[in-house]
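Written below as structure tokens is the structure these notes are about.
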Amino acid sequence: MDDLAVRCVGIRKHFGTLCAVDGVSLALPRGHILALLGPSGCGKTTILRLLAGLEDPEAGAIEIGGRLVAGPGVYVPPERRRVGMVFQDYALFPHLTVADNVGYGLGRGEARGTRVGEMLDLVGLAGLGGRLPHELSGGQRQRVALARALAPRPEIVLLDEPFSNLDAALRGRLRREVRDILRAAGASAVFVTHDQEEALSLADEVALLLDGRIEQVAPPETLYLRPATRAAAAFLGEANWLPGHVAGGAVHCALGALPSPCPAPGEVDIMLRPESVALTPDERAPHRIVEREYLGREALVTVRLASGDLVRSRLLPQAPAAVGDRVRVEVSGPLVVYPAAPANGSRPAPADRPAVACGAGRAV
Ligand code: ATP
């Protein structure tokens, strides 16, 4: 038997003529955290609502903890799906104490008090059970919401943009705390975010959604360093693109001949993350820095190559790199090679999978 917390097969949902979720399939092993990541309107929240039972799919099937909860002729209501929900506005009952909020989904009796105590310990709020929600900070309220969702031992916790109401510093801290709490509880979770850093740092697997479809599901590093499609590469952070052609086992481009991950000769597009572009000051080099953007913990530097192509490199802010400096350019991390985009700009066929090479490493 699969040990899956959630399995969706081909789920579809329209609102009028708009197809919000278009044949999505997902499988989440128990104890894992999955992020649904994508731009606004791509269908993330609708998938979460389909899992919760707040929407019913027109096609496809959903299993939670190995039990069919939605499918042809089957619809299990939300309260019988064994899901816990955490919303961005916390949705705590304002007139109930923290302890009563946490115990809300539990039956009466002695065990209830014990479980509430365990949950308050787990989320670091022991001793605050008697307070009302308005007597807590935003971060504390979100931890109460998480404790309430976990208390009835759900099969899965669903979190909808759980950190978006918090300021940047608290967001970073709370997402680490939430990850640790979910791990300590051995919980399975699906959370929705449009924040890439949040998805990459919190999840075991990230499902990137574009236009109601899954573009790629992969562990964070794979998604970032080996995006399966140009669209995935372009959505996830900065990407440098260079035209090239593969011949004799190398990919030839404005950065010279690099070891090719793709054996088939032909025209390709090369994608390099800015972290994979290393710069070394050299007065005799043919490339020149044309822009330097200071971002606090890093600087993004744009180099015009001798070919006229532009590439961006991510440097430490103290790195010596000023506009006008000449630099050698070296590929110091993975490069991804895609079959060249058709002239009409349409997407390559799904079979056109990229190939990846590591640390190509020849400075030009
Ligand atoms: P966001 O990040 O902005 O919350 P999302 O990726 O979560 O977006 P959804 O809320 O799932 O996107 O919405 C997907 C599409 O379906 C959007 O175009 C949205 O306008 C539409 N939609 C969602 N709910 C409804 C509804 N109840 N009635 C009509 N259209 C809806």
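Residues are named by chain letter and number: chains run A, B, ... in the order of the structure tokens, numbers start at 1 in each chain, and ligands are numbered from 1 in the order shown.
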
>> At a cut-off of 9 Å around ligand 1, and using only C-alpha atoms and all ligand atoms, what residues come up? Please write them as number ranges by chain.
In response: A: 13-16, 18-21, 36-49, 55, 160-161, 192-194, 209-212

Show me, as a PDB file with C-alpha atoms, in the first residue's frame, the residues that have an atom within 12 Å of Glu283 (chain A) when counting only C-alpha atoms, minus same-chain residues fewer than 5 positions from it.
ATOM      1  CA  ARG A 288      32.684  44.845 -19.117  1.00  0.00           C
ATOM      2  CA  ILE A 289      30.434  45.499 -16.099  1.00  0.00           C
ATOM      3  CA  GLY A 324      33.170  49.969 -16.278  1.00  0.00           C
ATOM      4  CA  ASP A 325      35.479  47.261 -14.837  1.00  0.00           C
ATOM      5  CA  ARG A 326      36.650  44.562 -17.212  1.00  0.00           C
ATOM      6  CA  VAL A 327      36.135  40.998 -16.008  1.00  0.00           C
ATOM      7  CA  ARG A 328      36.718  37.395 -16.944  1.00  0.00           C
TER       8      ARG A 328
END

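Nearest-residue note for Ser188 (chain A): choosing from A:Val323, A:Ala257, A:Ile64, A:Ala341, the minimum distance belongs to A:Ile64, counting only C-alpha atoms.
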
> If you run DSSP on this backbone, which residues of region 30-142 of chain A come out as strand (DSSP E or B), and could you give them as a PyMOL selection string?
Replying inline: chain A and resi 33-37+59-64+67-71+74-75+83-86

>> One number please: CA of Ala231 (chain A) to CA of Ala5 (chain A), in Å, one decimal.
In response: 28.7 Å

> Counting only C-alpha atoms, what is within 10 Å of Ser313 (chain A), bar same-chain residues fewer than 5 positions away, as a ChimeraX atom specification?
Replying inline: /A:238-240,272-279,292,299-303,329

Include N, CA, C and O atoms and write out the residues we just selected as a PDB file, in the first residue's frame.
ATOM      1  N   GLU A 238      16.102  34.765 -10.954  1.00  0.00           N
ATOM      2  CA  GLU A 238      16.848  35.309 -12.093  1.00  0.00           C
ATOM      3  C   GLU A 238      17.372  34.198 -12.978  1.00  0.00           C
ATOM      4  O   GLU A 238      17.895  33.196 -12.490  1.00  0.00           O
ATOM      5  N   ALA A 239      17.254  34.391 -14.271  1.00  0.00           N
ATOM      6  CA  ALA A 239      17.827  33.419 -15.206  1.00  0.00           C
ATOM      7  C   ALA A 239      18.574  34.170 -16.305  1.00  0.00           C
ATOM      8  O   ALA A 239      18.073  35.157 -16.843  1.00  0.00           O
ATOM      9  N   ASN A 240      19.789  33.723 -16.615  1.00  0.00           N
ATOM     10  CA  ASN A 240      20.519  34.241 -17.777  1.00  0.00           C
ATOM     11  C   ASN A 240      20.267  33.304 -18.939  1.00  0.00           C
ATOM     12  O   ASN A 240      20.311  32.077 -18.766  1.00  0.00           O
ATOM     13  N   LEU A 272      21.559  29.890 -17.188  1.00  0.00           N
ATOM     14  CA  LEU A 272      22.509  29.926 -16.067  1.00  0.00           C
ATOM     15  C   LEU A 272      21.936  30.807 -14.970  1.00  0.00           C
ATOM     16  O   LEU A 272      21.516  31.936 -15.240  1.00  0.00           O
ATOM     17  N   ARG A 273      21.925  30.328 -13.735  1.00  0.00           N
ATOM     18  CA  ARG A 273      21.530  31.198 -12.624  1.00  0.00           C
ATOM     19  C   ARG A 273      22.675  32.178 -12.339  1.00  0.00           C
ATOM     20  O   ARG A 273      23.855  31.840 -12.569  1.00  0.00           O
ATOM     21  N   PRO A 274      22.372  33.358 -11.806  1.00  0.00           N
ATOM     22  CA  PRO A 274      23.440  34.339 -11.535  1.00  0.00           C
ATOM     23  C   PRO A 274      24.515  33.807 -10.579  1.00  0.00           C
ATOM     24  O   PRO A 274      25.666  34.228 -10.661  1.00  0.00           O
ATOM     25  N   GLU A 275      24.138  32.864  -9.710  1.00  0.00           N
ATOM     26  CA  GLU A 275      25.146  32.283  -8.792  1.00  0.00           C
ATOM     27  C   GLU A 275      26.146  31.417  -9.542  1.00  0.00           C
ATOM     28  O   GLU A 275      27.194  31.055  -9.004  1.00  0.00           O
ATOM     29  N   SER A 276      25.800  31.013 -10.755  1.00  0.00           N
ATOM     30  CA  SER A 276      26.678  30.137 -11.537  1.00  0.00           C
ATOM     31  C   SER A 276      27.601  30.931 -12.460  1.00  0.00           C
ATOM     32  O   SER A 276      28.299  30.357 -13.279  1.00  0.00           O
ATOM     33  N   VAL A 277      27.547  32.256 -12.329  1.00  0.00           N
ATOM     34  CA  VAL A 277      28.401  33.101 -13.180  1.00  0.00           C
ATOM     35  C   VAL A 277      29.414  33.783 -12.261  1.00  0.00           C
ATOM     36  O   VAL A 277      29.047  34.626 -11.437  1.00  0.00           O
ATOM     37  N   ALA A 278      30.702  33.371 -12.383  1.00  0.00           N
ATOM     38  CA  ALA A 278      31.744  33.948 -11.530  1.00  0.00           C
ATOM     39  C   ALA A 278      32.527  34.990 -12.326  1.00  0.00           C
ATOM     40  O   ALA A 278      32.823  34.784 -13.507  1.00  0.00           O
ATOM     41  N   LEU A 279      32.845  36.100 -11.664  1.00  0.00           N
ATOM     42  CA  LEU A 279      33.570  37.179 -12.324  1.00  0.00           C
ATOM     43  C   LEU A 279      34.934  37.365 -11.670  1.00  0.00           C
ATOM     44  O   LEU A 279      35.045  37.293 -10.447  1.00  0.00           O
ATOM     45  N   ARG A 292      25.525  47.698 -11.668  1.00  0.00           N
ATOM     46  CA  ARG A 292      25.710  47.033 -10.369  1.00  0.00           C
ATOM     47  C   ARG A 292      24.539  47.453  -9.480  1.00  0.00           C
ATOM     48  O   ARG A 292      24.315  48.647  -9.248  1.00  0.00           O
ATOM     49  N   ALA A 299      25.009  41.677  -4.246  1.00  0.00           N
ATOM     50  CA  ALA A 299      24.940  42.647  -5.343  1.00  0.00           C
ATOM     51  C   ALA A 299      24.701  41.873  -6.626  1.00  0.00           C
ATOM     52  O   ALA A 299      25.270  40.792  -6.823  1.00  0.00           O
ATOM     53  N   LEU A 300      23.832  42.405  -7.465  1.00  0.00           N
ATOM     54  CA  LEU A 300      23.609  41.793  -8.782  1.00  0.00           C
ATOM     55  C   LEU A 300      24.347  42.651  -9.798  1.00  0.00           C
ATOM     56  O   LEU A 300      24.094  43.857  -9.896  1.00  0.00           O
ATOM     57  N   VAL A 301      25.251  42.015 -10.522  1.00  0.00           N
ATOM     58  CA  VAL A 301      26.118  42.741 -11.438  1.00  0.00           C
ATOM     59  C   VAL A 301      25.810  42.290 -12.860  1.00  0.00           C
ATOM     60  O   VAL A 301      25.738  41.096 -13.134  1.00  0.00           O
ATOM     61  N   THR A 302      25.591  43.253 -13.760  1.00  0.00           N
ATOM     62  CA  THR A 302      25.307  42.915 -15.159  1.00  0.00           C
ATOM     63  C   THR A 302      26.568  43.147 -15.985  1.00  0.00           C
ATOM     64  O   THR A 302      27.199  44.203 -15.883  1.00  0.00           O
ATOM     65  N   VAL A 303      26.918  42.146 -16.778  1.00  0.00           N
ATOM     66  CA  VAL A 303      28.130  42.210 -17.618  1.00  0.00           C
ATOM     67  C   VAL A 303      27.703  42.149 -19.078  1.00  0.00           C
ATOM     68  O   VAL A 303      26.887  41.294 -19.451  1.00  0.00           O
ATOM     69  N   VAL A 329      34.832  35.945 -17.212  1.00  0.00           N
ATOM     70  CA  VAL A 329      33.554  35.337 -16.824  1.00  0.00           C
ATOM     71  C   VAL A 329      33.710  33.822 -16.857  1.00  0.00           C
ATOM     72  O   VAL A 329      34.193  33.264 -17.848  1.00  0.00           O
TER      73      VAL A 329
END
